[in-house]
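Engineer: Just protein15.txt, nothing more (compact mmCIF, C-alpha atoms):
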```txt
# COMPACT_ATOMS: atom_id res chain seq x y z
CA MET A 194 -2.36 -16.45 -1.56
CA PRO A 195 -5.47 -16.09 0.60
CA ASN A 196 -8.14 -13.56 -0.44
CA ASN A 197 -8.34 -12.15 3.10
CA TYR A 198 -4.97 -11.42 4.70
CA TYR A 199 -2.71 -9.08 6.60
CA ALA A 200 0.64 -8.51 4.89
CA GLU A 201 3.65 -6.57 6.18
CA ILE A 202 6.96 -5.69 4.61
CA THR A 203 9.86 -3.44 5.61
CA ALA A 204 10.93 -0.73 3.15
CA ARG A 205 14.27 1.06 3.44
CA PRO A 206 14.75 4.05 1.12
CA SER A 207 18.44 4.74 0.57
CA LEU A 208 18.11 7.23 -2.32
CA CYS A 209 14.77 8.99 -2.39
CA ARG A 210 13.71 12.63 -2.75
CA ASN A 211 10.69 14.88 -3.35
CA GLU A 212 8.05 13.09 -5.48
CA ASP A 213 9.95 9.77 -5.78
CA ASN A 214 7.70 7.02 -4.44
CA TYR A 215 7.50 3.37 -3.48
CA GLY A 216 5.14 0.95 -1.83
CA LEU A 217 2.90 -2.09 -2.18
CA LEU A 218 0.86 -3.45 -5.04
CA VAL A 219 -2.16 -5.29 -3.65
CA ARG A 220 -4.59 -7.70 -5.33
CA ALA A 221 -2.72 -7.54 -8.60
CA SER A 222 -4.33 -9.78 -11.21
CA ALA A 223 -2.45 -8.61 -14.29
CA ILE A 224 0.18 -6.06 -15.15
CA ASN A 225 -2.38 -3.24 -15.38
CA TYR A 226 -4.94 -4.25 -12.72
CA TYR A 227 -4.10 -3.65 -9.04
CA TYR A 228 -4.33 -1.39 -6.01
CA ARG A 229 -1.26 0.64 -5.10
CA PHE A 230 -0.40 2.04 -1.67
CA VAL A 231 2.09 4.82 -2.40
CA LEU A 232 4.60 6.32 0.03
CA ALA A 233 6.22 9.47 -1.37
CA CYS A 234 9.61 10.73 -0.29
CA ASN A 235 8.00 14.08 0.58
CA GLY A 236 6.37 12.40 3.61
CA THR A 237 2.91 11.67 2.18
CA VAL A 238 0.92 8.47 1.58
CA ARG A 239 -1.96 7.76 -0.82
CA ALA A 240 -3.93 4.91 -2.42
CA GLU A 241 -4.71 4.33 -6.09
CA ARG A 242 -6.48 1.79 -8.27
CA ILE A 243 -4.87 0.97 -11.60
CA SER A 244 -7.31 -0.54 -14.08
CA GLY A 245 -6.19 -1.20 -17.64
CA GLY A 246 -3.48 1.44 -17.28
CA THR A 247 -5.91 4.10 -15.97
CA ARG A 248 -5.11 5.51 -12.52
CA LEU A 249 -7.87 6.43 -10.08
CA VAL A 250 -6.88 8.06 -6.78
CA LEU A 251 -8.85 6.37 -3.97
CA GLN A 252 -7.18 8.30 -1.13
CA GLN A 253 -5.66 11.73 -1.74
CA PRO A 254 -2.10 12.23 -0.45
CA LEU A 255 -1.98 12.66 3.32
CA PRO A 256 1.02 13.76 5.36
CA SER A 257 2.24 11.01 7.69
CA GLY A 258 4.93 11.10 10.34
CA ASP A 259 5.51 7.40 9.61
CA VAL A 260 6.66 7.97 6.01
CA PRO A 261 10.43 8.60 5.93
CA PRO A 262 10.99 12.09 4.48
CA GLY A 263 13.70 11.20 1.99
CA ALA A 264 16.55 8.84 2.74
CA PRO A 265 17.89 7.05 4.60
CA GLY A 266 14.86 5.69 6.36
CA GLU A 267 12.84 2.64 7.32
CA VAL A 268 9.11 1.94 7.50
CA ARG A 269 7.06 -1.21 8.09
CA ILE A 270 4.16 -1.20 5.59
CA GLY A 271 1.09 -3.26 6.54
CA VAL A 272 -2.08 -3.91 4.56
CA TRP A 273 -5.18 -5.58 6.00
CA ALA A 274 -7.23 -6.74 2.99
CA VAL A 275 -10.58 -8.34 3.75
CA GLY A 276 -13.50 -8.40 1.31
CA LYS A 277 -13.84 -5.02 -0.35
CA GLU A 278 -12.02 -3.13 2.45
CA MET A 279 -8.29 -2.48 2.73
CA ARG A 280 -6.63 -0.75 5.68
CA LEU A 281 -3.13 0.70 5.53
CA PHE A 282 -0.79 0.62 8.52
CA LEU A 283 2.67 2.20 8.74
CA ASN A 284 4.88 1.11 11.64
CA GLY A 285 1.81 -0.53 13.18
CA ARG A 286 -0.24 2.69 13.13
CA PHE A 287 -3.50 2.93 11.18
CA GLN A 288 -3.33 5.49 8.34
CA PHE A 289 -6.62 5.12 6.42
CA SER A 290 -9.10 2.66 4.97
CA ILE A 291 -10.46 2.32 1.45
CA ILE A 292 -13.46 0.36 0.22
CA ASP A 293 -13.48 -0.79 -3.39
CA PRO A 294 -14.91 -4.06 -4.76
CA SER A 295 -13.14 -3.95 -8.14
CA PHE A 296 -10.41 -6.52 -7.46
CA PRO A 297 -11.38 -9.10 -4.80
CA SER A 298 -8.20 -11.18 -5.10
CA GLY A 299 -4.71 -11.22 -6.57
CA THR A 300 -1.03 -11.19 -5.71
CA LEU A 301 1.25 -8.81 -3.81
CA GLY A 302 4.13 -6.84 -5.24
CA VAL A 303 6.40 -3.89 -4.52
CA PHE A 304 7.44 -0.94 -6.65
CA VAL A 305 9.86 1.99 -6.70
CA ARG A 306 9.39 4.98 -9.01
CA SER A 307 11.72 7.88 -9.62
CA ALA A 308 9.86 11.09 -10.40
CA GLY A 309 12.94 12.96 -11.58
CA ASN A 310 16.14 12.49 -13.54
CA THR A 311 17.94 10.68 -10.73
CA ALA A 312 17.45 7.12 -9.52
CA ALA A 313 15.33 6.17 -6.53
CA VAL A 314 16.62 3.21 -4.49
CA VAL A 315 14.48 1.35 -1.95
CA SER A 316 15.09 -2.13 -0.59
CA PHE A 317 12.30 -4.39 0.71
CA SER A 318 12.65 -7.24 3.20
CA ASP A 319 10.92 -9.35 5.84
CA LEU A 320 7.62 -9.97 4.05
CA SER A 321 5.03 -11.73 6.21
CA ILE A 322 1.51 -12.74 5.19
CA GLN A 323 -1.14 -13.98 7.60
CA SER A 324 -4.54 -15.31 6.63
CA VAL A 325 -7.43 -13.40 8.24
CA ASP A 326 -10.67 -15.04 9.33
CA TYR A 327 -13.05 -12.14 9.69
CA VAL A 328 -16.80 -11.94 9.96
CA PRO A 329 -18.07 -8.36 9.62
CA PRO A 330 -20.24 -7.14 12.47
CA THR A 331 -23.96 -7.24 11.88
CA THR A 332 -26.58 -4.86 13.12
CA PRO A 333 -29.66 -6.54 14.62
CA LEU A 334 -32.94 -5.63 13.01
CA PRO A 335 -35.50 -3.93 15.26
```
Let's see the structure in the file written out as structure tokens.
Structural biologist:
Amino acid sequence: MPNNYYAEITARPSLCRNEDNYGLLVRASAINYYYRFVLACNGTVRAERISGGTRLVLQQPLPSGDVPPGAPGEVRIGVWAVGKEMRLFLNGRFQFSIIDPSFPSGTLGVFVRSAGNTAAVVSFSDLSIQSVDYVPPTTPLP
């Protein structure tokens, strides 16, 4: 897997309510070390870093019209990961960007989490990963 990439996957919640959530694990290097882009079934999206089992919220939950509010639904989740910056896209629309140098590389994964006593069911399909060649802009010195 390249260190700099744009990845997209389609998520289809078929049983999902309230605080149930799902999304992408990015730059995972072990079971307890990764970034997590979280879509909640209440229509919000957030970003977290999991390090040794400790969760740090990098982006507080934001309402998004691109997150299906419950089920059934469908959303195309995209992550542009280059260097220490990661940008989240839902249905091709930019949501937010985070900058964190903790995990510069790793694998991709998906997750589904039920927040209540009932199951949450989300299917994922059509994963695509494209390598990104990116040189950050420079500012000329005076």
Engineer: Can you build me a table of segment 203-231 of chain A residues sitting at most 6 Å from segment 295-309 of chain A, with the closest atom pair per residue and its distance in Å to one decimal, using only C-alpha atoms, sorted by chain and residue number, as a Markdown table?
Structural biologist:
```
| residue | atom | partner | partner_atom | distance |
| --- | --- | --- | --- | --- |
| A:Glu212 | CA | A:Ala308 | CA | 5.6 |
| A:Asp213 | CA | A:Ser307 | CA | 4.6 |
| A:Asn214 | CA | A:Arg306 | CA | 5.3 |
| A:Tyr215 | CA | A:Val305 | CA | 4.2 |
| A:Gly216 | CA | A:Phe304 | CA | 5.7 |
| A:Leu217 | CA | A:Val303 | CA | 4.6 |
| A:Leu218 | CA | A:Gly302 | CA | 4.7 |
| A:Val219 | CA | A:Leu301 | CA | 4.9 |
| A:Arg220 | CA | A:Gly299 | CA | 3.7 |
| A:Ala221 | CA | A:Gly299 | CA | 4.7 |
| A:Ser222 | CA | A:Gly299 | CA | 4.9 |
```
Engineer: Now that the selection is made, can you save its residues with C-alpha atoms as a PDB file, keeping the file's coordinate frame?
Structural biologist:
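The new file part-v8.pdb reads:
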```pdb
ATOM      1  CA  GLU A 212       8.050  13.090  -5.480  1.00  0.00           C
ATOM      2  CA  ASP A 213       9.950   9.770  -5.780  1.00  0.00           C
ATOM      3  CA  ASN A 214       7.700   7.020  -4.440  1.00  0.00           C
ATOM      4  CA  TYR A 215       7.500   3.370  -3.480  1.00  0.00           C
ATOM      5  CA  GLY A 216       5.140   0.950  -1.830  1.00  0.00           C
ATOM      6  CA  LEU A 217       2.900  -2.090  -2.180  1.00  0.00           C
ATOM      7  CA  LEU A 218       0.860  -3.450  -5.040  1.00  0.00           C
ATOM      8  CA  VAL A 219      -2.160  -5.290  -3.650  1.00  0.00           C
ATOM      9  CA  ARG A 220      -4.590  -7.700  -5.330  1.00  0.00           C
ATOM     10  CA  ALA A 221      -2.720  -7.540  -8.600  1.00  0.00           C
ATOM     11  CA  SER A 222      -4.330  -9.780 -11.210  1.00  0.00           C
TER      12      SER A 222
END
```
Engineer: Which residues, written as a list of chain:residue names, have at least one atom at most 7 Å from Asp259 of chain A, with all atoms listed in the file counted and residues fewer than 6 positions away on the same chain left out?
Structural biologist: A:Val268, A:Leu283, A:Asn284
Engineer: Excluding Ile243 of chain A and any residue of its chain fewer than 2 positions from it, enumerate the residues within 12 Å of it, using all atoms listed in the file, and give them as a short mmCIF file (atom, residue, chain, number, x, y, z; two decimals) with C-alpha atoms, keeping the file's coordinate frame.
Structural biologist:
```
data_model
loop_
_atom_site.label_atom_id
_atom_site.label_comp_id
_atom_site.auth_asym_id
_atom_site.auth_seq_id
_atom_site.Cartn_x
_atom_site.Cartn_y
_atom_site.Cartn_z
CA LEU A 218 0.86 -3.45 -5.04
CA VAL A 219 -2.16 -5.29 -3.65
CA ARG A 220 -4.59 -7.70 -5.33
CA ALA A 221 -2.72 -7.54 -8.60
CA SER A 222 -4.33 -9.78 -11.21
CA ALA A 223 -2.45 -8.61 -14.29
CA ILE A 224 0.18 -6.06 -15.15
CA ASN A 225 -2.38 -3.24 -15.38
CA TYR A 226 -4.94 -4.25 -12.72
CA TYR A 227 -4.10 -3.65 -9.04
CA TYR A 228 -4.33 -1.39 -6.01
CA ARG A 229 -1.26 0.64 -5.10
CA PHE A 230 -0.40 2.04 -1.67
CA ALA A 240 -3.93 4.91 -2.42
CA GLU A 241 -4.71 4.33 -6.09
CA GLY A 245 -6.19 -1.20 -17.64
CA GLY A 246 -3.48 1.44 -17.28
CA THR A 247 -5.91 4.10 -15.97
CA ARG A 248 -5.11 5.51 -12.52
CA LEU A 249 -7.87 6.43 -10.08
CA VAL A 250 -6.88 8.06 -6.78
CA LEU A 251 -8.85 6.37 -3.97
CA SER A 295 -13.14 -3.95 -8.14
CA PHE A 296 -10.41 -6.52 -7.46
#
```
Engineer: Compile the contact shell of Val272 of chain A as a list in words: residues with an atom at most 9 Å away, counting only C-alpha atoms, same-chain residues fewer than 2 positions apart removed.
Structural biologist: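 The residues satisfying every condition are Tyr198, Tyr199, Ala200, Glu201, Leu217, Val219, Phe230, Ile270, Ala274, Met279, Arg280, Leu281, Phe282 and Leu283 of chain A.
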Engineer: So which residues touch Val275 of chain A within 8 Å, counting only C-alpha atoms, skipping near sequence neighbours fewer than 5 positions away, as a PyMOL selection string?
Structural biologist: chain A and resi 196-198+325+327
Engineer: My list of candidates is A:Arg239, A:Cys209, A:Gly271, A:Leu255. Which is closest to Asp319 of chain A when distances are computed with all atoms listed in the file?
Structural biologist: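 Closest to Asp319 of chain A of all the choices is A:Gly271.
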Engineer: Kindly give the distance, in Å, that separates atom CA of Gln323 of chain A and atom CA of Gly236 of chain A, rounded to a single decimal.
Structural biologist: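 So the two atoms, atom CA of Gln323 of chain A and atom CA of Gly236 of chain A, lie 27.7 Å apart.
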Engineer: Between atom CA of Ile202 of chain A and atom CA of Phe317 of chain A, what is the distance in Å, rounded to a tenth?
Structural biologist: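 Value for the atom CA of Ile202 of chain A-atom CA of Phe317 of chain A distance: 6.7 Å.
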Engineer: When you draw a straight line from atom CA of Ile322 of chain A to atom CA of Gly276 of chain A, how long is it in Å?
Structural biologist: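 Distance reported for this atom pair: 16.1 Å.
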Engineer: Measuring atom to atom with only C-alpha atoms, identify which of A:Leu232, A:Ser244, A:Glu278, A:Gly285 is nearest to Pro261 of chain A.
Structural biologist: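 Under the stated criterion, the closest residue is A:Leu232.
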Engineer: For each of A:Pro294, A:Ser324, A:Glu267, A:Phe289, take the minimum atom-to-atom distance to Val238 of chain A, counting only C-alpha atoms, then give the residue where this is smallest.
Structural biologist: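 Looking only at the distances to Val238 of chain A, the closest residue turns out to be A:Phe289.
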Engineer: Show me, as AutoDock Vina command-line options, the centre and edge lengths in Å to one decimal of the axis-aligned box that covers every listed atom of segment 319-328 of chain A with 4 Å on each side.
Structural biologist:
```
--center_x -2.9 --center_y -12.3 --center_z 7.0 --size_x 35.7 --size_y 14.0 --size_z 13.9
```
Engineer: Given the choices A:Ser257, A:Ser316, A:Asn310, A:Asn211, which gets closest to Cys234 of chain A if the distance is worked out from all atoms listed in the file?
Structural biologist: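 Of A:Ser257, A:Ser316, A:Asn310, A:Asn211, the one nearest Cys234 of chain A is A:Asn211, counting all atoms listed in the file.
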Engineer: Choose the residue, out of A:Leu320, A:Gly258, A:Ala312, A:Ala264, that has the smallest atom-to-atom separation from Phe287 of chain A; count only C-alpha atoms.
Structural biologist: A:Gly258
